[in-house]
Amino acid sequence: MNIEVRMFMKYREFLPPNSSNGKVTVTLKEGSTFSDLMALFAVPMDEPKLVVINGISQGVSVKVNQATLKDGDIVAVFPPAGGG
Amino acid sequence: MNGWIGKILRVNLTDGDIGVDDLDLDFAREWLGGRGLGSKILVDEIDPQVDPLSPENKLIFMTGPLTGTGCPCGSRYMVITKSPLSGTIACSNSGGYFGPELKFAGYDGIIFEGASDTPVMLLINDDEVELKPADHLWGKSTHDTEDMIRAGFENPWLAKETHIACIGPAGEKLSLISCVINDKNRAAGRSGVGAVMGSKKLKAIVVRGTNKINLASKEAFQKAVQHARDSLRAAPLTAEGLPAYGTASLVNPINQAHAFPTRNWQKTYFETADKISGETMAATVLNRKKGCFACPIACGRLTEVKDERWKGFGTSKDRGEGPEYETVQLMGANCGIDDLNGILKANYACNELGLDTISAASTVATCMELYEKGYIPEKDMGGIKANFGNVEALILLTEKMGRREGVIGDAMAEGAYRLAKKYGHPELFMGVKKLEAPAYDPRGMQSMGLQYATSNRGACHVRGYAPSTEIVGIPFKTDPMITEGKAELIIGLQDGAAILDCSGLCLFVAFGFAPEDALNLVNAATGAKYTPEEFGLVGQKVWNLERMFNLKAGLTKADDTLPKRILEEPGGPRGDVCRLHEMLPQYYSLRGWDKDGVPTAGKLKNLNLT
């Protein structure tokens with residue numbers, strides 16, 4: 001399945017050189033999780049991230065690591081952000 | 001007294017009388033301070049039907065018991081009055097260094113009554129308090145005002161120790177979206193409080209203080225401070241995100257969540273949002289971060305225009321502070337603009353002229369939609385082509401608004417609601433109770449709609465920060481697409497924010513403090529021995545006090561609504577509208593109000609508000 005990954009702030013550094021505008025589309029096997037996705041880029045998994053999947057924020061936590069992805073998902077990854 | 005000082009200045013601008021009221025300890029304990037204490041005094045002393053720009057309205061500056069004590073993020077003061085923009089109670093919060101200095105001078109707050117015939121400023125140097133003429137300052141920007149006041153001191157060291165709150169030309173000209181500016185670039189922004197100050201011909205308040213603030217228990221306070229600091233250091237938002245990228249670190253997350261108002265809320269996603277993000281700011285225009293008094297977070301931005309195209313354009317300086325998330329979003333995507341340097345210029349103009357950036361930016365976006373649809377005759381525009389995406393228009397319209405210049409500047413100075421109404425299309429106003437909405441679209445998070453509709457001052461984000469749970473997931477995660485449980489959520493957030501607003505703490509402590517940190521700090525500073533229940537109740541009391549004022553001022557449940565666009569035009573990640581009708585009845589019920597949103601007699605008695 002194809003997943004579009006959008007990385008922001010420090011996570012942009014983990015993207016391969018062929019990505020542009022902080023985005024890249026990757027192929028994963030069916031039933032892969034967010035953890036599997038991040039493993040492609042060697043992103044450390046012990047720190048909480050703000051993850052938005054298809055426009056729905058999953059919040060800042062490590063629980064999202066187990067979220068299962070499906071074909072066509074758009075996954076945006078941030079360090080924790082907030083403000084007002 | 002401890003924490004609190006126990007003295008409130010009372011200044012009558014009509015006859016020039018200056019006196020000092022004693023702050024009763026029981027009264028202080030009941031209302032905590034800041035928003036609660038100041039609002040209670042206002043409610044007791046003015047007629048809710050008063051004309052906000054008349055001498056009968058009062059203007060109250062009020063700090064909290066923690067302001068100036070040195071606890072982390074204890075920097076805040078409030079400007080409390082009746083709003084000329086919305087007709088509701090107004091309570092605008094600001095940080096910087098002015099609030100703490102007022103406490104060092106020996107006052108919890110200042111109550112201004114009446115109005116002066118000619119421009120004046122109030123000078124406070126510990127217990128020396130006097131009104132002086134300010135004719136020479138009238139017409140000057142907030143920055144020039146500060147510089148000129150300091151230059152007028154014989155002793156340059158004394159001058160350096162002052163902190164100043166003032167209005168710019170916008171407040172002087174009674175713009176309904178003008179603000180009070182302190183320390184040159186911090187704003188008590190919303191609700192047109194600048195116009196109330198202008199209507200009293202009060203140009204500036206200059207404070208210098210040399211006293212200490214007493215603490216009930218120094219050891220307990222130090223322990224509580226250490227714990228609070230540790231909490232903030234352990235939380236990624238307050239330890240890393242906000243210091244590195246400021247509040248504009250929210251740009252990309254809110255955009256990816258499709259809650260990003262775009263072109264006057266016609267869309268909720270902006271393709272080039274990254275160009276106006278906190279990250280881009282840090283990489284291109286940021287000089288360094290800046291904090292308020294005693295703040296370890298330092299989310300403030302010291303920035304500078306780097307693009308030659310905008311250097312020297314218009315009348316604002318080429319460097320200053322900000323922009324914050326709301327500003328960059330509403331001047332950016334909501335105006336169809338992704339030019340960060342251009343946005344900086346318009347942001348600086350707001351600070352120098354004394355305009356609320358949220359209201360100003362929203363009024364520009366409203367103007368753009370009205371203009372593109374042909375509702376504003378060219379002759380009114382003063383030669384400006386106000387199409388979405390036109391950066392020059394953003395900057396020039398902001399400057400015209402701040403000076404009431406030209407037909408369009410004069411109309412825009414009244415805010416987006418009155419602008420839209422003037423040109424025959426009030427449905428293009430994006431706000432509630434005539435207060436322009438901030439930069440979060442309820443179609444991307446349902447509870448934000450409930451928050452906007454019910455907030456006592458109109459559409460506001462700080463009074464109940466729904467993105468915290470709906471997007472960020474602090475202190476827990478909610479599902480932004482559902483309406484179930486949202487009434488309870490918003491009530492909790494609203495009451496919690498109210499308590500912080502009373503204490504003198506910055507709202508950002510909510511991203512890091514442990515639940516007991518604020519209570520422990522207040523108890524250690526004041527010795528007031530609040531139980532968690534008593535402390536929690538303060539928020540509810542304040543909320544209901546404000547609601548009762550608004551009802552007496554003439555507002556009804558009809559005002560607890562949202563713009564048609566948000567209720568009817570799909571947006572957000574799944575093409576939703578905001579389903580306010582699914583949340584509002586339960587909100588009234590859980591608040592202990594009747595079906596018309598009126599607090600019941602039982603509820604008021606319960607809260608000791610009769």
# chains A, B, ... in the order shown; residues from 1 in each chain; ligands from 1
$ select_by_dssp --residues "stretch 231-443 of chain B" --states "strand (DSSP E or B)" --output "VMD selection string"
chain B and resid 262 267 286 to 290 300 to 304 319 to 321 355 431 to 432 435 to 436
$ interface_residues --of "chain A" --to "chain B" --cutoff "12 Å" --atoms "only C-alpha atoms" --output "VMD selection string"
chain A and resid 5 to 12 21 to 23 47 to 64 74 to 84
$ write_last_selection --atoms "N, CA and C atoms" --output "compact mmCIF listing (two decimals), in the first residue's frame"
# COMPACT_ATOMS: atom_id res chain seq x y z
N VAL A 5 3.83 10.51 3.43
CA VAL A 5 4.35 10.96 4.72
C VAL A 5 4.73 12.44 4.61
N ARG A 6 4.26 13.22 5.57
CA ARG A 6 4.64 14.64 5.62
C ARG A 6 5.36 14.86 6.94
N MET A 7 6.63 15.22 6.87
CA MET A 7 7.43 15.43 8.08
C MET A 7 7.61 16.92 8.33
N PHE A 8 7.60 17.28 9.60
CA PHE A 8 7.73 18.69 9.96
C PHE A 8 8.78 18.88 11.04
N MET A 9 9.37 20.06 11.07
CA MET A 9 10.39 20.46 12.04
C MET A 9 11.52 19.44 12.03
N LYS A 10 11.94 18.96 13.18
CA LYS A 10 13.17 18.14 13.20
C LYS A 10 13.00 16.82 12.45
N TYR A 11 11.77 16.38 12.28
CA TYR A 11 11.57 15.09 11.60
C TYR A 11 11.82 15.19 10.10
N ARG A 12 11.87 16.41 9.59
CA ARG A 12 12.17 16.59 8.17
C ARG A 12 13.57 16.09 7.83
N ASN A 21 9.59 19.45 -0.36
CA ASN A 21 8.57 20.10 0.49
C ASN A 21 8.22 19.27 1.72
N GLY A 22 9.17 18.50 2.20
CA GLY A 22 8.93 17.74 3.42
C GLY A 22 7.96 16.58 3.24
N LYS A 23 7.73 16.16 1.98
CA LYS A 23 6.77 15.07 1.73
C LYS A 23 7.43 13.95 0.94
N GLU A 47 10.21 8.93 21.75
CA GLU A 47 9.75 10.28 22.10
C GLU A 47 8.34 10.51 21.57
N PRO A 48 7.51 11.24 22.34
CA PRO A 48 6.12 11.47 21.87
C PRO A 48 6.12 12.37 20.63
N LYS A 49 5.23 12.08 19.71
CA LYS A 49 5.08 12.88 18.51
C LYS A 49 3.63 13.29 18.36
N LEU A 50 3.41 14.42 17.69
CA LEU A 50 2.06 14.82 17.31
C LEU A 50 1.82 14.26 15.92
N VAL A 51 0.85 13.38 15.78
CA VAL A 51 0.62 12.70 14.51
C VAL A 51 -0.79 13.00 14.01
N VAL A 52 -0.91 13.40 12.76
CA VAL A 52 -2.21 13.68 12.15
C VAL A 52 -2.38 12.71 10.97
N ILE A 53 -3.41 11.89 11.02
CA ILE A 53 -3.64 10.91 9.95
C ILE A 53 -4.92 11.30 9.21
N ASN A 54 -4.78 11.59 7.93
CA ASN A 54 -5.93 12.01 7.10
C ASN A 54 -6.67 13.18 7.72
N GLY A 55 -5.92 14.11 8.28
CA GLY A 55 -6.53 15.31 8.82
C GLY A 55 -7.07 15.16 10.23
N ILE A 56 -7.01 13.97 10.78
CA ILE A 56 -7.49 13.78 12.15
C ILE A 56 -6.27 13.63 13.07
N SER A 57 -6.15 14.55 14.00
CA SER A 57 -5.00 14.48 14.90
C SER A 57 -5.15 13.31 15.87
N GLN A 58 -4.07 12.59 16.08
CA GLN A 58 -4.05 11.50 17.05
C GLN A 58 -3.52 11.99 18.39
N GLY A 59 -3.13 13.26 18.43
CA GLY A 59 -2.59 13.81 19.67
C GLY A 59 -1.13 13.46 19.86
N VAL A 60 -0.59 13.92 20.97
CA VAL A 60 0.81 13.66 21.29
C VAL A 60 0.86 12.48 22.23
N SER A 61 1.33 11.35 21.77
CA SER A 61 1.48 10.21 22.68
C SER A 61 2.28 9.15 21.94
N VAL A 62 2.62 8.10 22.65
CA VAL A 62 3.27 6.99 21.97
C VAL A 62 2.28 5.90 21.59
N LYS A 63 1.01 6.10 21.97
CA LYS A 63 -0.03 5.10 21.64
C LYS A 63 -0.21 4.98 20.13
N VAL A 64 0.04 6.12 19.43
CA VAL A 64 -0.17 6.13 17.98
C VAL A 64 0.77 5.16 17.28
N ILE A 74 -2.66 9.71 4.50
CA ILE A 74 -1.71 10.83 4.57
C ILE A 74 -1.34 10.98 6.03
N VAL A 75 -0.05 10.81 6.34
CA VAL A 75 0.41 10.83 7.74
C VAL A 75 1.35 12.01 7.94
N ALA A 76 0.96 12.94 8.82
CA ALA A 76 1.80 14.12 9.12
C ALA A 76 2.39 13.94 10.51
N VAL A 77 3.69 14.19 10.64
CA VAL A 77 4.40 13.93 11.89
C VAL A 77 5.10 15.19 12.39
N PHE A 78 4.84 15.54 13.65
CA PHE A 78 5.44 16.74 14.26
C PHE A 78 6.02 16.40 15.62
N PRO A 79 7.02 17.17 16.08
CA PRO A 79 7.29 17.13 17.52
C PRO A 79 6.12 17.82 18.21
N PRO A 80 5.96 17.64 19.52
CA PRO A 80 4.80 18.25 20.18
C PRO A 80 4.74 19.76 19.94
N ALA A 81 3.59 20.26 19.52
CA ALA A 81 3.43 21.69 19.22
C ALA A 81 2.20 22.20 19.93
N GLY A 82 2.24 23.44 20.28
CA GLY A 82 1.06 24.03 20.93
C GLY A 82 1.17 25.52 20.90
N GLY A 83 0.23 26.19 21.49
CA GLY A 83 0.33 27.65 21.49
C GLY A 83 -1.01 28.28 21.70
N GLY A 84 -1.21 29.37 21.07
CA GLY A 84 -2.49 30.05 21.23
C GLY A 84 -2.51 31.40 20.55
$ select_by_dssp --residues "stretch 1-51 of chain A" --states "alpha helix (DSSP H)" --output "list in words"
Phe34, Ser35, Asp36, Leu37, Met38 and Ala39 of chain A
$ residues_around --residues "stretch 350-367 of chain B" --least-positions-apart "3" --cutoff "6 Å" --atoms "only C-alpha atoms" --output "list in words"
Ser141, Thr142, His143, Ile167, Gly168, Pro169, Ala170, Ile177, Ser178, Cys179, Asn185, Gly189, Arg190, Asn264, Thr327, Leu330, Met331, Cys335, Asn347, Leu370, Tyr371, Gly402, Gly415, Ala416 and Glu436 of chain B
$ residues_around --residues "B:Trp157" --least-positions-apart "6" --cutoff "12 Å" --atoms "only C-alpha atoms" --output "list in words"
Arg150, Ala151 and Arg208 of chain B
$ write_last_selection --atoms "C-alpha atoms" --output "PDB file, in the first residue's frame"
ATOM      1  CA  ARG B 150      11.459  58.044  29.054  1.00  0.00           C
ATOM      2  CA  ALA B 151      13.262  60.954  27.417  1.00  0.00           C
ATOM      3  CA  ARG B 208       8.125  52.120  38.647  1.00  0.00           C
TER       4      ARG B 208
END
$ closest_residue --among "A:Ser20, A:Gly72, A:Ser32, A:Asn65" --to "A:Met45" --atoms "only C-alpha atoms"
A:Asn65
$ atom_distance --atom1 "atom CA of B:Ser231" --atom2 "atom CA of B:Pro243"
15.3 Å
$ residues_around --residues "A:Leu37" --least-positions-apart "2" --cutoff "9 Å" --atoms "only C-alpha atoms" --output "PyMOL selection string"
chain A and resi 3+5+26+28+32-35+39-41+69
$ closest_residue --among "B:Met401, B:Val328, B:Ile149, B:Ile5" --to "B:Glu414" --atoms "only C-alpha atoms"
B:Met401
$ residues_around --residues "B:Lys289" --least-positions-apart "5" --cutoff "6 Å" --atoms "only C-alpha atoms" --output "MDAnalysis selection string"
chainID B and resid 300:302
$ write_last_selection --atoms "N, CA and C atoms" --output "compact mmCIF listing (two decimals), in the first residue's frame"
# COMPACT_ATOMS: atom_id res chain seq x y z
N GLY B 300 8.02 34.29 23.12
CA GLY B 300 8.03 35.53 22.36
C GLY B 300 9.08 35.51 21.26
N ARG B 301 8.81 36.25 20.18
CA ARG B 301 9.72 36.27 19.03
C ARG B 301 10.25 37.69 18.79
N LEU B 302 11.55 37.85 18.71
CA LEU B 302 12.13 39.12 18.25
C LEU B 302 12.51 38.90 16.80
$ residues_around --residues "B:Asn211" --least-positions-apart "3" --cutoff "7 Å" --atoms "only C-alpha atoms" --output "PyMOL selection string"
chain B and resi 104-106
$ atom_distance --atom1 "atom CA of B:Val598" --atom2 "atom CA of B:Leu450"
16.5 Å
